[in-house]
Amino acid sequence: MNMRDIKAAHLEAAMDQMKPHMRSVFKNAMGKVYTYAIKHEIVDKDLMSLITLKTTVETKEKTPFTLTEINKLKAFKHPLNDTAIILLYTGMRINELLEIKCENVHLDERYIIGGTKTKAGKNRVIPIHDAAYPLIKARYEPGNKYLITKDNKKINYATYRINYWNKMNSALGFKHTPHDTRHTFTTFADRCGINKVALKRILGHTLSDMTDHYTHKDLDELLTEINKIVY
């Protein structure tokens, strides 16, 4: 981001994702950046000095969305509201979704290659639920690098939280985190009787027999299982 466009909320959102040590490193580094920026009249004040350093990681209870909340969410009007619905129907983490490239979206075969964080989670096949398909198709632009964009530009996590998620929570009276969509997915997958092995594959959890190769039969089975989820 342009230095002048950074707000305190952007810095806080970024630091919320860090471990205590990295928060300290980040605050120190950004303090030096602001010192330089003020000296050269790029900005007028040091926003980093206004932020209190959190020394512990807050452990937030994972709370799945209720069906009533999901219905409210589906009716919420916002250009990025489709992303929350996609998360609910794929089980992806928000950072995974924001990193999805259009070249890894296979609409005809109804799957996405994506995932981050763990070895088992990377480059995995994520089947596209029937309910998510039209939303993903509407987002798909071969000329764009990333699936989720605003003005053809990639959206980072901090911007996503500030411009959409926080506003949605406030408008609907929710206290959910984006990760609660993944917890909702696993909760309803269990209720709807999804095969445990298929669920682990979809979520990117380690399997003793996990392979990098998926056959059409594997994909068909994953599509059958994921479509058991009904909200």
# chains A, B, ... in the order shown; residues from 1 in each chain; ligands from 1
$ closest_atom_pairs --of "region 87-164 of chain A" --to "region 12-23 of chain A" --cutoff "12 Å" --atoms "only C-alpha atoms" --output "Markdown table"
| residue | atom | partner | partner_atom | distance |
| --- | --- | --- | --- | --- |
| A:Asn95 | CA | A:Gln17 | CA | 11.0 |
| A:Asn156 | CA | A:Ala14 | CA | 9.8 |
| A:Tyr157 | CA | A:Ala14 | CA | 7.8 |
| A:Ala158 | CA | A:Ala13 | CA | 5.3 |
| A:Thr159 | CA | A:Ala13 | CA | 8.5 |
| A:Tyr160 | CA | A:Ala13 | CA | 9.7 |
| A:Arg161 | CA | A:Ala13 | CA | 7.4 |
| A:Ile162 | CA | A:Ala13 | CA | 8.0 |
| A:Asn163 | CA | A:Ala13 | CA | 11.6 |
$ residues_around --residues "Leu199 (chain A)" --least-positions-apart "4" --cutoff "9 Å" --atoms "only C-alpha atoms" --output "list of chain:residue names"
A:Thr186, A:Ala189, A:Asp190, A:Ile194, A:Asn195, A:Leu203, A:Gly204, A:His205, A:Leu222, A:Glu225, A:Ile226
$ residues_around --residues "Gly91 (chain A)" --least-positions-apart "6" --cutoff "9 Å" --atoms "only C-alpha atoms" --output "mmCIF file with all heavy atoms, in the first residue's frame"
data_model
loop_
_atom_site.group_PDB
_atom_site.id
_atom_site.type_symbol
_atom_site.label_atom_id
_atom_site.label_comp_id
_atom_site.auth_asym_id
_atom_site.auth_seq_id
_atom_site.Cartn_x
_atom_site.Cartn_y
_atom_site.Cartn_z
ATOM 1 N N ILE A 126 -9.746 -28.939 -4.433
ATOM 2 C CA ILE A 126 -10.905 -28.480 -3.669
ATOM 3 C C ILE A 126 -12.116 -28.545 -4.596
ATOM 4 O O ILE A 126 -12.232 -27.752 -5.531
ATOM 5 C CB ILE A 126 -10.708 -27.037 -3.167
ATOM 6 C CG1 ILE A 126 -9.419 -26.922 -2.340
ATOM 7 C CG2 ILE A 126 -11.914 -26.580 -2.352
ATOM 8 C CD1 ILE A 126 -9.013 -25.497 -2.036
ATOM 9 N N THR A 181 -16.028 -19.692 9.262
ATOM 10 C CA THR A 181 -16.664 -20.327 8.107
ATOM 11 C C THR A 181 -16.103 -21.738 7.909
ATOM 12 O O THR A 181 -16.838 -22.661 7.548
ATOM 13 C CB THR A 181 -16.445 -19.509 6.824
ATOM 14 O OG1 THR A 181 -15.034 -19.363 6.577
ATOM 15 C CG2 THR A 181 -17.090 -18.137 6.928
ATOM 16 N N ARG A 182 -14.815 -21.905 8.138
ATOM 17 C CA ARG A 182 -14.183 -23.227 8.007
ATOM 18 C C ARG A 182 -14.698 -24.162 9.107
ATOM 19 O O ARG A 182 -14.957 -25.341 8.853
ATOM 20 C CB ARG A 182 -12.662 -23.079 8.097
ATOM 21 C CG ARG A 182 -11.869 -24.380 7.888
ATOM 22 C CD ARG A 182 -10.389 -24.036 7.766
ATOM 23 N NE ARG A 182 -9.505 -25.169 7.867
ATOM 24 C CZ ARG A 182 -9.084 -25.914 6.845
ATOM 25 N NH1 ARG A 182 -9.521 -25.633 5.629
ATOM 26 N NH2 ARG A 182 -8.238 -26.920 7.016
ATOM 27 N N HIS A 183 -14.858 -23.629 10.308
ATOM 28 C CA HIS A 183 -15.393 -24.435 11.407
ATOM 29 C C HIS A 183 -16.853 -24.808 11.122
ATOM 30 O O HIS A 183 -17.291 -25.917 11.448
ATOM 31 C CB HIS A 183 -15.289 -23.656 12.718
ATOM 32 C CG HIS A 183 -15.602 -24.462 13.928
ATOM 33 N ND1 HIS A 183 -14.943 -25.644 14.236
ATOM 34 C CD2 HIS A 183 -16.524 -24.290 14.903
ATOM 35 C CE1 HIS A 183 -15.441 -26.147 15.361
ATOM 36 N NE2 HIS A 183 -16.404 -25.347 15.779
ATOM 37 N N THR A 184 -17.591 -23.890 10.506
ATOM 38 C CA THR A 184 -18.973 -24.172 10.122
ATOM 39 C C THR A 184 -19.015 -25.296 9.094
ATOM 40 O O THR A 184 -19.856 -26.203 9.179
ATOM 41 C CB THR A 184 -19.633 -22.907 9.531
ATOM 42 O OG1 THR A 184 -19.554 -21.845 10.482
ATOM 43 C CG2 THR A 184 -21.092 -23.159 9.192
ATOM 44 N N PHE A 185 -18.105 -25.230 8.127
ATOM 45 C CA PHE A 185 -18.029 -26.258 7.091
ATOM 46 C C PHE A 185 -17.806 -27.636 7.701
ATOM 47 O O PHE A 185 -18.495 -28.602 7.354
ATOM 48 C CB PHE A 185 -16.886 -25.916 6.122
ATOM 49 C CG PHE A 185 -16.687 -26.922 5.017
ATOM 50 C CD1 PHE A 185 -17.396 -26.817 3.832
ATOM 51 C CD2 PHE A 185 -15.781 -27.968 5.162
ATOM 52 C CE1 PHE A 185 -17.213 -27.741 2.804
ATOM 53 C CE2 PHE A 185 -15.583 -28.892 4.158
ATOM 54 C CZ PHE A 185 -16.302 -28.781 2.970
ATOM 55 N N THR A 186 -16.851 -27.745 8.618
ATOM 56 C CA THR A 186 -16.557 -29.046 9.227
ATOM 57 C C THR A 186 -17.710 -29.514 10.112
ATOM 58 O O THR A 186 -18.008 -30.715 10.164
ATOM 59 C CB THR A 186 -15.264 -28.983 10.066
ATOM 60 O OG1 THR A 186 -15.395 -27.974 11.081
ATOM 61 C CG2 THR A 186 -14.069 -28.641 9.196
ATOM 62 N N ILE A 202 -10.453 -32.690 1.431
ATOM 63 C CA ILE A 202 -10.992 -31.380 1.056
ATOM 64 C C ILE A 202 -10.372 -30.276 1.908
ATOM 65 O O ILE A 202 -10.016 -29.207 1.407
ATOM 66 C CB ILE A 202 -12.524 -31.370 1.199
ATOM 67 C CG1 ILE A 202 -13.158 -32.312 0.152
ATOM 68 C CG2 ILE A 202 -13.074 -29.953 1.022
ATOM 69 C CD1 ILE A 202 -14.639 -32.582 0.382
ATOM 70 N N LEU A 203 -10.226 -30.543 3.205
ATOM 71 C CA LEU A 203 -9.694 -29.542 4.134
ATOM 72 C C LEU A 203 -8.171 -29.430 4.091
ATOM 73 O O LEU A 203 -7.604 -28.461 4.581
ATOM 74 C CB LEU A 203 -10.136 -29.865 5.558
ATOM 75 C CG LEU A 203 -11.628 -29.720 5.849
ATOM 76 C CD1 LEU A 203 -11.948 -30.266 7.238
ATOM 77 C CD2 LEU A 203 -12.066 -28.272 5.738
#
$ atom_distance --atom1 "CA of Ile86 (chain A)" --atom2 "CA of Ala132 (chain A)"
5.5 Å
$ residues_around --residues "Thr224 (chain A)" --least-positions-apart "2" --cutoff "12 Å" --atoms "only C-alpha atoms" --output "PyMOL selection string"
chain A and resi 110+127-130+193-195+198-199+202+217-222+226-229
